[in-house]
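Worksheet: one structure, shown below.
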Protein chains: 4
Amino acid sequence: MSSRDGRALGIQIFGESHGPMVGVTLDGLPAGIRLDLPRIDAFLQRRAAAGSPIATGRKEEDKAHILSGLKEDCTTGYPLTALFYNKDAHSADYAFLPDNPRPGHADYPAIVRSGGHDDLRGSGHHSGRLTLPYAFAGAVAVQVLEQLGVAIASHVLSVGDVQDSPIDPVAPDLSALKDGLAHPVPTLNEDAGQKMFDAILAAKVDGDSLGGVVEVVATGLPVGLGAPWFDGMEAVLSKQFFSIPAVKGVEFGAGFAAARMLGSQYNDCYRYDGDTIRTSTNNAGGLLGGLTNGMPVIARVAFRPTPSISKAQQTVSLSQGNEQTLQVKGRHDPCVAVRGVPVVESALAIGLLEMWLQHRGDQTL
Amino acid sequence: MSSRDGRALGIQIFGESHGPMVGVTLDGLPAGIRLDLPRIDAFLQRRAAAGSPIATGRKEEDKAHILSGLKEDCTTGYPLTALFYNKDAHSADYAFLPDNPRPGHADYPAIVRSGGHDDLRGSGHHSGRLTLPYAFAGAVAVQVLEQLGVAIASHVLSVGDVQDSPIDPVAPDLSALKDGLAHPVPTLNEDAGQKMFDAILAAKVDGDSLGGVVEVVATGLPVGLGAPWFDGMEAVLSKQFFSIPAVKGVEFGAGFAAARMLGSQYNDCYRYDGDTIRTSTNNAGGLLGGLTNGMPVIARVAFRPTPSISKAQQTVSLSQGNEQTLQVKGRHDPCVAVRGVPVVESALAIGLLEMWLQHRGDQTL
Amino acid sequence: MSSRDGRALGIQIFGESHGPMVGVTLDGLPAGIRLDLPRIDAFLQRRAAAGSPIATGRKEEDKAHILSGLKEDCTTGYPLTALFYNKDAHSADYAFLPDNPRPGHADYPAIVRSGGHDDLRGSGHHSGRLTLPYAFAGAVAVQVLEQLGVAIASHVLSVGDVQDSPIDPVAPDLSALKDGLAHPVPTLNEDAGQKMFDAILAAKVDGDSLGGVVEVVATGLPVGLGAPWFDGMEAVLSKQFFSIPAVKGVEFGAGFAAARMLGSQYNDCYRYDGDTIRTSTNNAGGLLGGLTNGMPVIARVAFRPTPSISKAQQTVSLSQGNEQTLQVKGRHDPCVAVRGVPVVESALAIGLLEMWLQHRGDQTL
Amino acid sequence: MSSRDGRALGIQIFGESHGPMVGVTLDGLPAGIRLDLPRIDAFLQRRAAAGSPIATGRKEEDKAHILSGLKEDCTTGYPLTALFYNKDAHSADYAFLPDNPRPGHADYPAIVRSGGHDDLRGSGHHSGRLTLPYAFAGAVAVQVLEQLGVAIASHVLSVGDVQDSPIDPVAPDLSALKDGLAHPVPTLNEDAGQKMFDAILAAKVDGDSLGGVVEVVATGLPVGLGAPWFDGMEAVLSKQFFSIPAVKGVEFGAGFAAARMLGSQYNDCYRYDGDTIRTSTNNAGGLLGGLTNGMPVIARVAFRPTPSISKAQQTVSLSQGNEQTLQVKGRHDPCVAVRGVPVVESALAIGLLEMWLQHRGDQTL
């Protein structure tokens, strides 16, 4: 099994939830890019448990320890590795494994896959803890893209049945998209954010969990990034989005709604805005034939509810060959979509940077 | 730009819509796999224009000419290349390019990308014609998987607002999923199929087009294929699905609906079915933590309406710097989702075979 | 098994010696590069049998049929595929296979590898015939590099015990390196070339074959191409050189001679030549720490003697489990090193272009 | 720039000589492989400075700290990362950089490449220190291969003009190849070893350095590993060998000597040894057409003399644009070939394991 990806920009993730550290190596960054390390830590804080009543109780120091590839805060062009210490892991919570696979978790297939050699505590390498080094890679990618004029922002579009206002795909107001440190649920509409918070708290109290959708946007992209087929922007970006644990759906632009539209409604017509070519609508979400057309790239990522819930569930006993009831203890996040917001931004940034680096390589001479 | 993919199973696509041929090379197939060539041609026929009143008027001989990698109908293990001749291409239809990029097409970003060196006739390498060699690769992958006990089937779930019955995710009846040669729109419910046909014809008469959703399922999968993160089954499969031109949304299992569910509703509980471990529901679509759990893998792929419509549309003149009206002539498919059905099966098969080959490589010693 | 390579520049080779065609797809070329097709054919002629008394008797039309990726002789940026027809193959020559594997050939391991599903006629996909599409890729790479100011040339350094003068590593005179169409054995010293010719003819008459060494040089390289470790220029280039059938040794700069030197003798000291930094000697062969330093890149590639000889040899019978004598008939090239000259240039060009394209991608912003 | 490689077995190296740590991630190891950690440390000790008078004076704790991918000494199948602390680095030794690039080192092209953003102290990521994590990967690969019946051994074939006896390519006696802990220069012939030691000490006293050749062998390989072309064993292995800093030449079997042979001398004829097919000679070094034929794989790797010597050398001043004299202080290894012995074994093991894992994936069904 493999946790590496990328052609121009290599990314290798490693570590287990209950091991000493988790980490990531970025390989192929251009040299001379200045990184703002405090901003990286702040980005990671958006993901952290942070004591919010609607998150997990696990307290971790999520500070990046950068081992290589950086000199005086500038990339050297050589592999950049960051480590994160795991300090607050409770192994005792996982005594029922490997005999009783938890519903909704990777336990069962992982046990079969590794012939029992897997470290399943806290879900091992399947843990959401690995979104931390991934988000570090994303934070770096976000900063590189900023230096290239690309801005990325996101919000929680929905939690359960509670809906926020959608991002305007033609002229998104990025200043309105809060970074989430002030508001536990980052939304455009504060009222919706409060309703989502209440819904999550209610689910938590009830020993249950909720799903949600994160909507993300990138502006300032050049025209012509991507390719048809396998290096199409949707193909590359969806691979990143679906790499995030708990993601079960991805759409771009009008997405699944496009399937209900007529071509005359869907096609985005061209117009001149000064010297710039833009489209009047943006059902394509800024992507045509796998290539960016200069309009904002918009995507929606659907998260299923957190698998770990306190309610009793039916499972099996692998050793006894019968069904059993399981009640999962421990401290679990009732709505991973909320903590997933910077992770979704990371996925978008990593995919865009990969294609931007590839594009540099094959520009006309 | 690149049209190659795969780690264990390499796939390289090449060719332009108005060039002499399109083709594909498969690299990494095990030796000794017997292929049924007439069945491959039949699979490709499901994709063909085939004179259906709801498809394009372009008539092509879609027969695969296999150049290498096959001996007496068995794979040799060496690269397998198939070519397809393009015979019925009308170049005159594209005289307005490169000056007037068509809304909804890749024209504009492709022109910018290639500095005008692109062959845009019939959309060049962006054409849906390239789904033919891709479907050949899929047909091969389908047959290899069959020999491993894996079955794949699909139907059109919706066209516009017309809905077919969904596939039963727990116990799909594959015999009910017709292969489409008898029915121009392959559906579970014949009535829905007829309504879809009527809707597409109406759109065609009106010089317009319609979007649609294809639902696909795979059964007989072993437990433990895939990985967390970048080689997760959803990540690998979505990359294939989104590589198909016109795809704008992908979901697995409950998909976007999962975002509205509680964990207690979503989690699939385990039970024994004789000696086999199964789940009582299948909201996960057979995938947990990126790994197969043995239940059917179900996915839904949303196609936007065909970009080429006969109605007048607003575009720009790149040379004159102003807006102009464009009316696209030619013979165009009003609903690519229908012809996309075997292409979606191909994507599923190619992704599954890639991961199955990887899995063989890293099984416990 | 796989015949694809490359990260920025993908290259996929396919075809069998006795199949209908062999070919190659290049994936990732920048758009807008003008190719001189007659010069490509001329480059391929250097490799051809061409009726020389010292080569194989097989007559082939080695003209490239380019299917895609080229418009008005300029690259489009999309995959470029070239095919070559195989017309003059004699299958009857190979009746002893698969029972009697030929010494020195891939027969035995290939039979075991593919469980007998291999097409072994003419060595199938192992044939030197595949150096034709590979040389096409090389010819394209050579032309791209020329447009970037890089020149490549080569000669036969030795055949058996006959030695030519070596290339001057500090200031190579490329005009002195003939392209070989006029001289059957391209050497710096005509006398040496004639002696090599005689030695090869003598071996042929004797039903035997000879090995040889090709020396190749590239000038005009920028400083800083490559990387330490796996993307080091030596690592990338040697992978290409050793991909050529029959190659058993590769060295750069002083190569194996460096192992007998002192550091004070080996180190190339820096000096200014006007504004340009050069070294006084060039034992490094233009490569330091895997990076180009601006000096000419020099390499030597050792070819073993052609495995197919007319003399009787001992082999085994796989079916009978005993030893047998085998006498290989057919028309075989007595010294593959000579025909390997443009193939070695191709390997150097492909590796340099790969790293140049990667380098563009990761230059400082 | 990139320091990652591999398709079935990913290897990512990171770290700088004067940074806090160096490390490696192995990605794609099968689960359930038991590793002997003390033996890994012993393997790494063969590479260490270890106070030998002929080595560098730098004292490091070269103990591997394994962060992930291992449970109770068995691989989990998830990424395995090992770190090594750098403790004894003297930064003051490098004050002349970046102004005076050292002859023979990567300084000059690295400075140009990274626009001055490179961490050049101790050669940064170009340092031989990175052979430590690489050798860890090699040690793991060696143990996996042992469990598959493959044995690897090596010796120093030559240092300067001093020659050891070569390994018998047909029936190598691996017990005779000492692992080097008892003898500072591991040779078959003790007398030669002593002469080499004396030559190295003399060079050290003289402020100079010496080159050398390492010869390595692998036995117990199955028939049919590898492929023609880019995944040929020579291509894959040479890429690993040339990734090692200071390597300038690689040959397999008879190598460059094959270029001077007749086919009738070179071809290895087949015979039966009981039920096993073997060859009477082994000029091919166990490799035919890129595939293993079951005979021992033999290779020779040429190292240039250590670039760092105490003698004064001419270089340039990048800031002043003139030539200057440079005298490198510090503690440097006079013959990297000796410490390179386990690194060469590592390269062979990593390449073999990569191809073995690929082979499992594409075996006939």
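To be explicit about the labels: the chains of the structure tokens are called A, B, and onward in the order shown, and within each one the residues are counted from 1, while ligands get numbers from 1 in the order they are shown.
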**Request:** Within 8 Å of Glu61 of chain A, counting only C-alpha atoms, which residues show up once you throw out same-chain ones fewer than 5 positions away? Write them as a PyMOL selection string, please.
**Result:** chain A and resi 84-87
**Item:** Expected answer as an MDAnalysis selection string: chain A residues within 10 Å of chain D, only C-alpha atoms
**Value:** chainID A and resid 1:4 7:33 66:81 113:120 124:126
**Request:** Enumerate the residues of segment 15-202 of chain D with a DSSP assignment of alpha helix (DSSP H), computed from the backbone, and present them as a ChimeraX atom specification.
**Result:** /D:37-45,107-113,131-147,190-202
**Request:** Run DSSP on the backbone of this structure and report the residues of segment 71-192 of chain B it assigns to strand (DSSP E), as a PyMOL selection string.
**Result:** chain B and resi 71+74-75+80-85+151-159+162-163
What's the 7 Å shell around segment 284-289 of chain D, counting only C-alpha atoms, without same-chain residues fewer than 3 positions away, as a PDB file with C-alpha atoms, in the first residue's frame?
```
ATOM      1  CA  GLY C 104      22.939 -14.918 -25.121  1.00  0.00           C
ATOM      2  CA  HIS C 105      19.341 -14.114 -25.950  1.00  0.00           C
ATOM      3  CA  ALA C 106      16.399 -13.382 -23.681  1.00  0.00           C
ATOM      4  CA  HIS C 126      13.059  -7.967 -26.965  1.00  0.00           C
ATOM      5  CA  PRO C 245      19.505  -4.061 -25.780  1.00  0.00           C
TER       6      PRO C 245
ATOM      7  CA  PRO D 169      30.669 -15.326 -11.590  1.00  0.00           C
ATOM      8  CA  PRO D 228      13.199  -5.452 -21.736  1.00  0.00           C
ATOM      9  CA  PHE D 252      27.422  -6.048 -15.440  1.00  0.00           C
ATOM     10  CA  GLY D 253      28.959  -9.445 -16.050  1.00  0.00           C
ATOM     11  CA  ALA D 254      31.917  -9.097 -18.392  1.00  0.00           C
ATOM     12  CA  THR D 292      17.378 -12.588 -14.733  1.00  0.00           C
ATOM     13  CA  ASN D 293      18.307 -16.047 -16.022  1.00  0.00           C
ATOM     14  CA  GLY D 294      18.929 -17.626 -12.621  1.00  0.00           C
ATOM     15  CA  MET D 295      22.733 -17.254 -12.650  1.00  0.00           C
ATOM     16  CA  PRO D 296      24.402 -14.913 -10.141  1.00  0.00           C
ATOM     17  CA  VAL D 297      23.953 -11.225 -10.919  1.00  0.00           C
ATOM     18  CA  ILE D 298      27.365  -9.566 -10.828  1.00  0.00           C
TER      19      ILE D 298
END
```
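The two atoms in question, atom CA of Lys311 of chain D and atom CA of Gly211 of chain D, are spaced 16.3 Å apart.
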With a distance cut-off of 12 Å and only C-alpha atoms, select the neighbouring residues of Leu221 of chain C, excluding the residue or stretch itself and same-chain residues fewer than 2 positions from it, and output the selection as a short mmCIF file (atom, residue, chain, number, x, y, z; two decimals) with C-alpha atoms, in the first residue's frame.
```
data_model
loop_
_atom_site.label_atom_id
_atom_site.label_comp_id
_atom_site.auth_asym_id
_atom_site.auth_seq_id
_atom_site.Cartn_x
_atom_site.Cartn_y
_atom_site.Cartn_z
CA LEU C 145 17.66 20.15 -27.60
CA GLU C 146 19.22 21.74 -30.68
CA GLN C 147 16.66 24.51 -30.45
CA LEU C 148 17.85 24.97 -26.86
CA GLY C 149 21.50 25.19 -27.95
CA VAL C 150 22.51 21.66 -27.03
CA ALA C 151 24.46 19.60 -29.57
CA ILE C 152 25.01 15.85 -29.42
CA VAL C 217 29.12 13.84 -26.02
CA ALA C 218 26.70 16.72 -25.41
CA THR C 219 27.72 20.37 -25.41
CA VAL C 223 24.55 24.62 -15.44
CA GLY C 224 22.45 22.90 -12.78
CA LEU C 225 20.40 20.31 -14.68
CA GLY C 226 19.80 17.16 -12.72
CA MET C 233 22.10 12.98 -14.56
CA GLY C 286 30.46 17.57 -17.06
CA LEU C 287 28.60 16.10 -14.07
CA LEU C 291 24.20 18.12 -11.78
CA THR C 292 25.58 19.51 -15.03
CA ASN C 293 28.39 22.02 -14.50
CA GLY C 294 28.40 23.43 -18.02
CA MET C 295 31.30 21.33 -19.33
CA PRO C 296 30.65 18.73 -22.04
CA VAL C 297 28.86 15.63 -20.84
CA ILE C 298 30.80 12.57 -22.00
CA ALA C 349 18.98 13.14 -25.77
CA LEU C 352 18.71 15.31 -21.12
CA LEU C 353 15.33 16.46 -22.40
CA MET C 355 15.73 16.61 -17.00
CA TRP C 356 15.53 19.89 -18.89
CA PRO D 109 26.04 23.77 -10.08
#
```
So that I can check the surroundings of Ile244 of chain B, please list as an mmCIF file with N, CA, C and O atoms, in the first residue's frame every protein, DNA and RNA residue that reaches within 8 Å of it, counting only C-alpha atoms and ignoring chain neighbours fewer than 3 positions away.
```cif
data_model
loop_
_atom_site.group_PDB
_atom_site.id
_atom_site.type_symbol
_atom_site.label_atom_id
_atom_site.label_comp_id
_atom_site.auth_asym_id
_atom_site.auth_seq_id
_atom_site.Cartn_x
_atom_site.Cartn_y
_atom_site.Cartn_z
ATOM 1 N N TRP A 229 -8.125 14.349 -20.130
ATOM 2 C CA TRP A 229 -7.883 13.014 -19.589
ATOM 3 C C TRP A 229 -7.236 13.017 -18.202
ATOM 4 O O TRP A 229 -7.610 13.812 -17.358
ATOM 5 N N THR B 131 -12.727 8.618 -26.203
ATOM 6 C CA THR B 131 -13.331 7.643 -25.290
ATOM 7 C C THR B 131 -13.368 6.266 -25.941
ATOM 8 O O THR B 131 -13.601 5.268 -25.260
ATOM 9 N N GLN B 240 -10.284 8.255 -12.581
ATOM 10 C CA GLN B 240 -10.713 7.696 -13.862
ATOM 11 C C GLN B 240 -12.034 8.305 -14.325
ATOM 12 O O GLN B 240 -12.164 8.713 -15.478
ATOM 13 N N PHE B 241 -12.999 8.371 -13.412
ATOM 14 C CA PHE B 241 -14.303 8.907 -13.801
ATOM 15 C C PHE B 241 -14.179 10.338 -14.311
ATOM 16 O O PHE B 241 -14.741 10.706 -15.339
ATOM 17 N N VAL B 247 -17.628 14.933 -17.464
ATOM 18 C CA VAL B 247 -18.011 14.532 -16.107
ATOM 19 C C VAL B 247 -17.768 15.680 -15.143
ATOM 20 O O VAL B 247 -16.684 16.265 -15.117
ATOM 21 N N VAL B 343 -18.276 3.761 -21.065
ATOM 22 C CA VAL B 343 -17.050 4.474 -20.728
ATOM 23 C C VAL B 343 -16.915 4.546 -19.204
ATOM 24 O O VAL B 343 -15.818 4.418 -18.650
ATOM 25 N N VAL B 344 -18.040 4.729 -18.524
ATOM 26 C CA VAL B 344 -18.031 4.729 -17.059
ATOM 27 C C VAL B 344 -17.674 3.334 -16.544
ATOM 28 O O VAL B 344 -16.901 3.193 -15.590
#
```
